[in-house]
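K.L.:
PDB, C-alpha atoms, pLDDT in the B column, file entry-v1.pdb:
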```pdb
ATOM      1  CA  MET C 913     103.941 100.256  40.087  1.00 49.00           C
ATOM      2  CA  GLY C 914     107.514  99.213  40.181  1.00 50.00           C
ATOM      3  CA  LEU C 915     108.920  95.854  40.991  1.00 46.00           C
ATOM      4  CA  PHE C 916     110.019  96.906  44.492  1.00 48.00           C
ATOM      5  CA  SER C 917     107.190  99.238  45.477  1.00 48.00           C
ATOM      6  CA  LYS C 918     105.752  98.895  48.966  1.00 51.00           C
ATOM      7  CA  ALA C 919     102.107  98.213  49.556  1.00 46.00           C
ATOM      8  CA  LYS C 920     100.522 101.034  51.535  1.00 54.00           C
ATOM      9  CA  THR C 921      99.457 100.130  55.040  1.00 51.00           C
ATOM     10  CA  THR C 922      96.320 101.781  56.290  1.00 55.00           C
ATOM     11  CA  ARG C 923      95.053 102.231  59.828  1.00 55.00           C
ATOM     12  CA  ASP C 924      92.370  99.666  59.145  1.00 55.00           C
ATOM     13  CA  ASP C 925      95.081  97.125  58.323  1.00 54.00           C
ATOM     14  CA  LEU C 926      96.837  97.934  61.603  1.00 55.00           C
ATOM     15  CA  LYS C 927      93.588  97.605  63.590  1.00 58.00           C
ATOM     16  CA  ASP C 928      93.300  93.977  62.564  1.00 58.00           C
ATOM     17  CA  GLU C 929      96.835  93.262  63.798  1.00 70.00           C
ATOM     18  CA  ALA C 930      96.829  91.085  66.928  1.00 79.00           C
ATOM     19  CA  ILE C 931      98.871  92.802  69.625  1.00 81.00           C
ATOM     20  CA  PRO C 932      99.579  90.753  72.749  1.00 83.00           C
ATOM     21  CA  PRO C 933      99.008  92.476  76.112  1.00 81.00           C
ATOM     22  CA  MET C 934     101.903  94.098  77.941  1.00 79.00           C
ATOM     23  CA  GLU C 935     103.599  91.867  80.499  1.00 82.00           C
ATOM     24  CA  TRP C 936     105.010  93.207  83.780  1.00 82.00           C
ATOM     25  CA  LYS C 937     107.412  91.197  85.945  1.00 82.00           C
ATOM     26  CA  ASP C 938     106.285  93.060  89.050  1.00 81.00           C
ATOM     27  CA  ASN C 939     105.090  96.502  90.020  1.00 84.00           C
ATOM     28  CA  PRO C 940     107.736  98.968  88.760  1.00 86.00           C
ATOM     29  CA  GLU C 941     106.735 101.597  91.338  1.00 84.00           C
ATOM     30  CA  THR C 942     108.015  99.445  94.200  1.00 84.00           C
ATOM     31  CA  SER C 943     111.488  99.135  92.666  1.00 86.00           C
ATOM     32  CA  ALA C 944     111.746 102.719  91.336  1.00 87.00           C
ATOM     33  CA  ASN C 945     114.515 104.923  92.690  1.00 88.00           C
ATOM     34  CA  ILE C 946     113.791 108.357  94.163  1.00 83.00           C
ATOM     35  CA  LEU C 947     114.444 110.238  90.908  1.00 86.00           C
ATOM     36  CA  SER C 948     112.218 107.877  88.953  1.00 86.00           C
ATOM     37  CA  SER C 949     109.503 108.265  91.603  1.00 78.00           C
ATOM     38  CA  LEU C 950     109.699 112.067  91.500  1.00 76.00           C
ATOM     39  CA  THR C 951     109.527 112.229  87.702  1.00 82.00           C
ATOM     40  CA  PHE C 952     107.256 109.198  87.153  1.00 84.00           C
ATOM     41  CA  THR C 953     109.687 107.731  84.621  1.00 90.00           C
ATOM     42  CA  TRP C 954     108.804 104.280  85.942  1.00 89.00           C
ATOM     43  CA  MET C 955     105.556 104.758  83.973  1.00 89.00           C
ATOM     44  CA  GLN C 956     107.369 105.286  80.638  1.00 91.00           C
ATOM     45  CA  PRO C 957     106.839 101.729  79.312  1.00 90.00           C
ATOM     46  CA  MET C 958     103.077 102.098  79.693  1.00 91.00           C
ATOM     47  CA  PHE C 959     103.100 105.539  78.026  1.00 92.00           C
ATOM     48  CA  SER C 960     105.092 104.091  75.122  1.00 92.00           C
ATOM     49  CA  ARG C 961     102.627 101.214  74.891  1.00 91.00           C
ATOM     50  CA  ALA C 962      99.687 103.655  74.798  1.00 92.00           C
ATOM     51  CA  SER C 963     101.348 105.638  72.004  1.00 93.00           C
ATOM     52  CA  TYR C 964     102.078 102.465  70.026  1.00 92.00           C
ATOM     53  CA  LEU C 965      98.493 101.267  70.359  1.00 91.00           C
ATOM     54  CA  ARG C 966      97.010 104.676  69.545  1.00 91.00           C
ATOM     55  CA  LYS C 967      98.918 104.783  66.247  1.00 91.00           C
ATOM     56  CA  ARG C 968      97.154 101.538  65.392  1.00 89.00           C
ATOM     57  CA  GLY C 969      93.726 102.816  66.395  1.00 89.00           C
ATOM     58  CA  LYS C 970      93.657 100.815  69.637  1.00 90.00           C
ATOM     59  CA  TYR C 971      93.735 101.697  73.310  1.00 90.00           C
ATOM     60  CA  LEU C 972      95.210 100.362  76.521  1.00 90.00           C
ATOM     61  CA  GLN C 973      93.292  97.448  77.981  1.00 90.00           C
ATOM     62  CA  GLN C 974      93.045  96.255  81.579  1.00 89.00           C
ATOM     63  CA  GLU C 975      95.722  93.627  80.870  1.00 88.00           C
ATOM     64  CA  ASP C 976      98.208  96.365  79.876  1.00 88.00           C
ATOM     65  CA  LEU C 977      98.041  98.184  83.209  1.00 88.00           C
ATOM     66  CA  VAL C 978     100.629  97.861  85.973  1.00 88.00           C
ATOM     67  CA  PRO C 979      99.733  95.125  88.473  1.00 87.00           C
ATOM     68  CA  ILE C 980      98.707  96.299  91.928  1.00 87.00           C
ATOM     69  CA  ALA C 981     101.527  96.151  94.465  1.00 85.00           C
ATOM     70  CA  GLU C 982     100.977  93.861  97.458  1.00 87.00           C
ATOM     71  CA  MET C 983     101.138  96.837  99.829  1.00 85.00           C
ATOM     72  CA  ASP C 984      98.269  98.513  97.915  1.00 86.00           C
ATOM     73  CA  LYS C 985      95.910  95.552  97.877  1.00 90.00           C
ATOM     74  CA  SER C 986      92.745  96.064  99.903  1.00 92.00           C
ATOM     75  CA  GLU C 987      93.301  93.043 102.182  1.00 94.00           C
ATOM     76  CA  HIS C 988      96.713  94.337 103.279  1.00 92.00           C
ATOM     77  CA  VAL C 989      95.484  97.906 103.842  1.00 91.00           C
ATOM     78  CA  GLU C 990      92.411  96.632 105.694  1.00 93.00           C
ATOM     79  CA  ASN C 991      94.564  94.546 108.064  1.00 94.00           C
ATOM     80  CA  LEU C 992      96.850  97.512 108.789  1.00 92.00           C
ATOM     81  CA  PHE C 993      93.891  99.828 109.350  1.00 93.00           C
ATOM     82  CA  ASP C 994      92.077  97.370 111.643  1.00 94.00           C
ATOM     83  CA  ALA C 995      95.197  96.768 113.731  1.00 93.00           C
ATOM     84  CA  ALA C 996      95.821 100.508 114.130  1.00 92.00           C
ATOM     85  CA  TYR C 997      92.150 101.257 114.835  1.00 91.00           C
ATOM     86  CA  ASN C 998      91.904  98.570 117.514  1.00 91.00           C
ATOM     87  CA  SER C 999      95.238  99.479 119.130  1.00 90.00           C
ATOM     88  CA  TYR C1000      94.253 103.095 119.778  1.00 88.00           C
ATOM     89  CA  VAL C1001      93.919 103.973 123.471  1.00 84.00           C
ATOM     90  CA  PRO C1002      92.785 107.480 124.450  1.00 79.00           C
ATOM     91  CA  LYS C1003      95.569 109.316 126.293  1.00 72.00           C
ATOM     92  CA  ALA C1004      93.317 111.515 128.423  1.00 61.00           C
ATOM     93  CA  LYS C1005      92.009 108.637 130.484  1.00 59.00           C
ATOM     94  CA  LYS C1006      92.434 104.908 130.573  1.00 55.00           C
ATOM     95  CA  ARG C1007      89.005 103.408 130.101  1.00 55.00           C
ATOM     96  CA  LYS C1008      87.797 100.317 131.849  1.00 56.00           C
ATOM     97  CA  THR C1009      87.763  97.207 129.707  1.00 59.00           C
ATOM     98  CA  ASP C1010      86.061  93.872 130.062  1.00 55.00           C
ATOM     99  CA  GLU C1011      87.792  90.468 129.937  1.00 60.00           C
ATOM    100  CA  GLY C1012      87.873  90.520 126.120  1.00 58.00           C
ATOM    101  CA  GLY C1013      89.759  93.825 126.028  1.00 57.00           C
ATOM    102  CA  GLN C1014      86.720  95.719 124.727  1.00 59.00           C
ATOM    103  CA  ALA C1015      85.681  99.040 126.195  1.00 55.00           C
ATOM    104  CA  LYS C1016      82.709  98.840 128.545  1.00 54.00           C
ATOM    105  CA  GLU C1017      81.321 102.268 127.656  1.00 63.00           C
ATOM    106  CA  LYS C1018      80.731 103.710 124.212  1.00 73.00           C
ATOM    107  CA  ASP C1019      83.220 106.043 122.573  1.00 75.00           C
ATOM    108  CA  THR C1020      82.278 109.684 122.298  1.00 85.00           C
ATOM    109  CA  PRO C1021      82.255 111.227 118.801  1.00 88.00           C
ATOM    110  CA  GLU C1022      85.520 113.020 119.633  1.00 88.00           C
ATOM    111  CA  GLU C1023      87.185 109.753 120.659  1.00 88.00           C
ATOM    112  CA  LEU C1024      85.917 108.042 117.495  1.00 89.00           C
ATOM    113  CA  GLU C1025      87.352 110.858 115.382  1.00 91.00           C
ATOM    114  CA  LYS C1026      90.726 110.614 117.157  1.00 90.00           C
ATOM    115  CA  ARG C1027      90.690 106.837 116.723  1.00 91.00           C
ATOM    116  CA  LEU C1028      89.939 107.217 113.000  1.00 91.00           C
ATOM    117  CA  VAL C1029      92.683 109.824 112.477  1.00 91.00           C
ATOM    118  CA  HIS C1030      95.143 107.618 114.381  1.00 91.00           C
ATOM    119  CA  ALA C1031      94.273 104.604 112.207  1.00 92.00           C
ATOM    120  CA  LEU C1032      94.479 106.583 108.943  1.00 91.00           C
ATOM    121  CA  LEU C1033      97.865 108.083 109.837  1.00 90.00           C
ATOM    122  CA  ALA C1034      99.226 104.749 111.036  1.00 91.00           C
ATOM    123  CA  THR C1035      98.098 103.118 107.785  1.00 90.00           C
ATOM    124  CA  CYS C1036      99.055 105.842 105.274  1.00 88.00           C
ATOM    125  CA  LYS C1037     101.582 108.153 106.984  1.00 88.00           C
ATOM    126  CA  ARG C1038     104.599 107.152 104.885  1.00 86.00           C
ATOM    127  CA  ARG C1039     102.685 107.414 101.603  1.00 84.00           C
ATOM    128  CA  LEU C1040     101.257 110.805 102.581  1.00 87.00           C
ATOM    129  CA  ILE C1041     104.727 112.143 103.411  1.00 88.00           C
ATOM    130  CA  VAL C1042     106.185 110.834 100.143  1.00 82.00           C
ATOM    131  CA  ALA C1043     103.236 112.250  98.181  1.00 85.00           C
ATOM    132  CA  GLY C1044     103.754 115.602  99.908  1.00 88.00           C
ATOM    133  CA  PHE C1045     107.433 115.656  98.893  1.00 85.00           C
ATOM    134  CA  ILE C1046     106.564 114.717  95.312  1.00 79.00           C
ATOM    135  CA  LYS C1047     103.914 117.434  95.194  1.00 85.00           C
ATOM    136  CA  PHE C1048     106.367 119.974  96.638  1.00 87.00           C
ATOM    137  CA  PHE C1049     109.118 119.158  94.128  1.00 80.00           C
ATOM    138  CA  ASN C1050     106.694 119.115  91.205  1.00 80.00           C
ATOM    139  CA  THR C1051     105.382 122.576  92.074  1.00 84.00           C
ATOM    140  CA  VAL C1052     108.752 124.186  92.765  1.00 75.00           C
TER
END
```
Please express the file's structure as structure tokens.

P.N.:
Amino acid sequence: MGLFSKAKTTRDDLKDEAIPPMEWKDNPETSANILSSLTFTWMQPMFSRASYLRKRGKYLQQEDLVPIAEMDKSEHVENLFDAAYNSYVPKAKKRKTDEGGQAKEKDTPEELEKRLVHALLATCKRRLIVAGFIKFFNTV
């Protein structure tokens, strides 16, 4: 053992090291440009964090994950879906409504399916189109 020799660091020593959780200013997906979205490079900080932790025998924790964007929160999506679902009017015939704007007769299964598809597309159309483009470019 020399005067300037380094002490060996083992994985067990690194496991005991306190590592603070990753901090995000906001959701990086919402501010990512098109190239970053297509290649998922906006996720690189979290991948680097996972690699760093794995070398120390640790794993990502809930606190390390990207915060949920406001547009992805269930309350926001529920409000969009409800508004689209309630605004659907069948095109084949205008149904009679009562004073509250509610239909007097029950919807047929076909009308319910059309109403559901309308609400889903109104709520998620943009994200489905973007996901389709990403899928297309990733497979080409």

K.L.:
So which residues get picked by the PyMOL selection byres ((chain C and resi 954) around 10) here, written as a list in words?

P.N.:
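On this input, the PyMOL selection byres ((chain C and resi 954) around 10) captures Asn939, Pro940, Glu941, Thr942, Ser943, Ala944, Asn945, Leu947, Ser948, Ser949, Leu950, Thr951, Phe952, Thr953, Met955, Gln956, Pro957, Met958 and Phe959 of chain C.
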
K.L.:
Kindly indicate which residue among C:Glu987, C:Ile931, C:Tyr964, C:Ile946 lies nearest to Phe1045 (chain C), using all atoms listed in the file for the distances.

P.N.:
C:Ile946

K.L.:
Using the chain letters and residue numbers of this document, give as a list in words the residues selected by the PyMOL selection byres ((chain C and resi 1017-1032) around 7).

P.N.:
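With the PyMOL selection byres ((chain C and resi 1017-1032) around 7) on this model, the match is Phe993, Ala996, Tyr997, Tyr1000, Ala1015, Lys1016, Leu1033, Ala1034, Thr1035 and Cys1036 of chain C.
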
K.L.:
What does the distance between CA of Asp976 (chain C) and CA of Pro933 (chain C) come to in Å, to one decimal place?

P.N.:
5.5 Å

K.L.:
Rank nothing, just name the residue among C:Trp936, C:Lys1037, C:Val1001, C:Glu929 nearest to Lys970 (chain C), using all atoms listed in the file.

P.N.:
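With all atoms listed in the file as the atom set, the closest residue is C:Glu929.
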
K.L.:
Would you compute the distance between CA of Gln973 (chain C) and CA of Lys937 (chain C)? Give it in Å to one decimal.

P.N.:
17.4 Å

K.L.:
Could you tell me how far CA of Arg961 (chain C) lies from CA of Met934 (chain C), in Å and to one decimal?

P.N.:
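Spanning CA of Arg961 (chain C) to CA of Met934 (chain C) is a straight-line distance of 7.8 Å.
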
K.L.:
Of the candidates C:Lys967, C:Asp938, C:Pro1002, C:Ala1043, which one gets nearest to Ala981 (chain C) if we count all atoms listed in the file?

P.N.:
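Looking at the shortest contact to Ala981 (chain C), the residue is C:Asp938.
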
K.L.:
Restricting the calculation to only C-alpha atoms: of C:Glu935, C:Gly1044, C:Ala930, C:Ala995, which residue gets closest to Arg968 (chain C)?

P.N.:
C:Ala930

K.L.:
Please give the centre and size of the box around region 975-981 of chain C (axis-aligned, containing every atom listed in the file, 6 Å added per side), with values in Å to one decimal and written as lines of an AutoDock Vina configuration file.

P.N.:
```
center_x = 98.6
center_y = 95.9
center_z = 87.2
size_x = 17.8
size_y = 16.6
size_z = 26.6
```

K.L.:
Contacts of Tyr971 (chain C) at 8 Å or less, counting only C-alpha atoms, minus same-chain residues fewer than 3 places along, as a ChimeraX atom specification?

P.N.:
/C:962,965-966

K.L.:
Using the partial input, fill out region 940-962 of chain C with N, CA, C and O atoms; write the result as a PDB file, in the frame of the given file.

P.N.:
```
ATOM      1  N   PRO C 940     106.521  98.173  88.886  1.00 86.00           N
ATOM      2  CA  PRO C 940     107.736  98.968  88.760  1.00 86.00           C
ATOM      3  C   PRO C 940     107.824 100.111  89.775  1.00 86.00           C
ATOM      4  O   PRO C 940     108.915 100.590  90.073  1.00 86.00           O
ATOM      5  N   GLU C 941     106.712 100.515  90.343  1.00 84.00           N
ATOM      6  CA  GLU C 941     106.735 101.597  91.338  1.00 84.00           C
ATOM      7  C   GLU C 941     107.487 101.170  92.591  1.00 84.00           C
ATOM      8  O   GLU C 941     108.184 101.976  93.203  1.00 84.00           O
ATOM      9  N   THR C 942     107.369  99.910  92.975  1.00 84.00           N
ATOM     10  CA  THR C 942     108.015  99.445  94.200  1.00 84.00           C
ATOM     11  C   THR C 942     109.528  99.364  94.070  1.00 84.00           C
ATOM     12  O   THR C 942     110.232  99.461  95.066  1.00 84.00           O
ATOM     13  N   SER C 943     110.040  99.218  92.852  1.00 86.00           N
ATOM     14  CA  SER C 943     111.488  99.135  92.666  1.00 86.00           C
ATOM     15  C   SER C 943     112.079 100.414  92.067  1.00 86.00           C
ATOM     16  O   SER C 943     113.267 100.456  91.767  1.00 86.00           O
ATOM     17  N   ALA C 944     111.265 101.459  91.918  1.00 87.00           N
ATOM     18  CA  ALA C 944     111.746 102.719  91.336  1.00 87.00           C
ATOM     19  C   ALA C 944     112.614 103.471  92.335  1.00 87.00           C
ATOM     20  O   ALA C 944     112.332 103.484  93.533  1.00 87.00           O
ATOM     21  N   ASN C 945     113.673 104.104  91.817  1.00 88.00           N
ATOM     22  CA  ASN C 945     114.515 104.923  92.690  1.00 88.00           C
ATOM     23  C   ASN C 945     113.827 106.263  92.940  1.00 88.00           C
ATOM     24  O   ASN C 945     112.782 106.560  92.379  1.00 88.00           O
ATOM     25  N   ILE C 946     114.432 107.106  93.765  1.00 83.00           N
ATOM     26  CA  ILE C 946     113.791 108.357  94.163  1.00 83.00           C
ATOM     27  C   ILE C 946     113.598 109.295  92.973  1.00 83.00           C
ATOM     28  O   ILE C 946     112.553 109.928  92.846  1.00 83.00           O
ATOM     29  N   LEU C 947     114.569 109.368  92.077  1.00 86.00           N
ATOM     30  CA  LEU C 947     114.444 110.238  90.908  1.00 86.00           C
ATOM     31  C   LEU C 947     113.322 109.746  89.987  1.00 86.00           C
ATOM     32  O   LEU C 947     112.520 110.532  89.495  1.00 86.00           O
ATOM     33  N   SER C 948     113.273 108.461  89.782  1.00 86.00           N
ATOM     34  CA  SER C 948     112.218 107.877  88.953  1.00 86.00           C
ATOM     35  C   SER C 948     110.846 108.092  89.588  1.00 86.00           C
ATOM     36  O   SER C 948     109.863 108.336  88.891  1.00 86.00           O
ATOM     37  N   SER C 949     110.773 108.022  90.910  1.00 78.00           N
ATOM     38  CA  SER C 949     109.503 108.265  91.603  1.00 78.00           C
ATOM     39  C   SER C 949     109.070 109.720  91.469  1.00 78.00           C
ATOM     40  O   SER C 949     107.895 110.006  91.281  1.00 78.00           O
ATOM     41  N   LEU C 950     110.023 110.638  91.589  1.00 76.00           N
ATOM     42  CA  LEU C 950     109.699 112.067  91.500  1.00 76.00           C
ATOM     43  C   LEU C 950     109.252 112.465  90.094  1.00 76.00           C
ATOM     44  O   LEU C 950     108.395 113.330  89.936  1.00 76.00           O
ATOM     45  N   THR C 951     109.828 111.843  89.088  1.00 82.00           N
ATOM     46  CA  THR C 951     109.527 112.229  87.702  1.00 82.00           C
ATOM     47  C   THR C 951     108.574 111.257  87.006  1.00 82.00           C
ATOM     48  O   THR C 951     108.230 111.470  85.848  1.00 82.00           O
ATOM     49  N   PHE C 952     108.171 110.215  87.690  1.00 84.00           N
ATOM     50  CA  PHE C 952     107.256 109.198  87.153  1.00 84.00           C
ATOM     51  C   PHE C 952     107.807 108.510  85.907  1.00 84.00           C
ATOM     52  O   PHE C 952     107.039 108.038  85.070  1.00 84.00           O
ATOM     53  N   THR C 953     109.128 108.425  85.781  1.00 90.00           N
ATOM     54  CA  THR C 953     109.687 107.731  84.621  1.00 90.00           C
ATOM     55  C   THR C 953     109.467 106.226  84.687  1.00 90.00           C
ATOM     56  O   THR C 953     109.591 105.543  83.672  1.00 90.00           O
ATOM     57  N   TRP C 954     109.111 105.706  85.850  1.00 89.00           N
ATOM     58  CA  TRP C 954     108.804 104.280  85.942  1.00 89.00           C
ATOM     59  C   TRP C 954     107.544 103.934  85.151  1.00 89.00           C
ATOM     60  O   TRP C 954     107.293 102.776  84.839  1.00 89.00           O
ATOM     61  N   MET C 955     106.771 104.957  84.765  1.00 89.00           N
ATOM     62  CA  MET C 955     105.556 104.758  83.973  1.00 89.00           C
ATOM     63  C   MET C 955     105.830 104.790  82.466  1.00 89.00           C
ATOM     64  O   MET C 955     104.935 104.539  81.672  1.00 89.00           O
ATOM     65  N   GLN C 956     107.046 105.110  82.048  1.00 91.00           N
ATOM     66  CA  GLN C 956     107.369 105.286  80.638  1.00 91.00           C
ATOM     67  C   GLN C 956     106.992 104.085  79.755  1.00 91.00           C
ATOM     68  O   GLN C 956     106.466 104.279  78.674  1.00 91.00           O
ATOM     69  N   PRO C 957     107.238 102.846  80.182  1.00 90.00           N
ATOM     70  CA  PRO C 957     106.839 101.729  79.312  1.00 90.00           C
ATOM     71  C   PRO C 957     105.339 101.718  78.991  1.00 90.00           C
ATOM     72  O   PRO C 957     104.949 101.415  77.864  1.00 90.00           O
ATOM     73  N   MET C 958     104.512 102.088  79.954  1.00 91.00           N
ATOM     74  CA  MET C 958     103.077 102.098  79.693  1.00 91.00           C
ATOM     75  C   MET C 958     102.696 103.266  78.778  1.00 91.00           C
ATOM     76  O   MET C 958     101.833 103.121  77.914  1.00 91.00           O
ATOM     77  N   PHE C 959     103.359 104.419  78.929  1.00 92.00           N
ATOM     78  CA  PHE C 959     103.100 105.539  78.026  1.00 92.00           C
ATOM     79  C   PHE C 959     103.506 105.188  76.595  1.00 92.00           C
ATOM     80  O   PHE C 959     102.804 105.513  75.646  1.00 92.00           O
ATOM     81  N   SER C 960     104.646 104.522  76.451  1.00 92.00           N
ATOM     82  CA  SER C 960     105.092 104.091  75.122  1.00 92.00           C
ATOM     83  C   SER C 960     104.103 103.099  74.520  1.00 92.00           C
ATOM     84  O   SER C 960     103.795 103.158  73.330  1.00 92.00           O
ATOM     85  N   ARG C 961     103.615 102.200  75.348  1.00 91.00           N
ATOM     86  CA  ARG C 961     102.627 101.214  74.891  1.00 91.00           C
ATOM     87  C   ARG C 961     101.347 101.916  74.417  1.00 91.00           C
ATOM     88  O   ARG C 961     100.781 101.574  73.374  1.00 91.00           O
ATOM     89  N   ALA C 962     100.894 102.913  75.169  1.00 92.00           N
ATOM     90  CA  ALA C 962      99.687 103.655  74.798  1.00 92.00           C
ATOM     91  C   ALA C 962      99.881 104.368  73.466  1.00 92.00           C
ATOM     92  O   ALA C 962      98.989 104.369  72.612  1.00 92.00           O
TER      93      ALA C 962
END
```
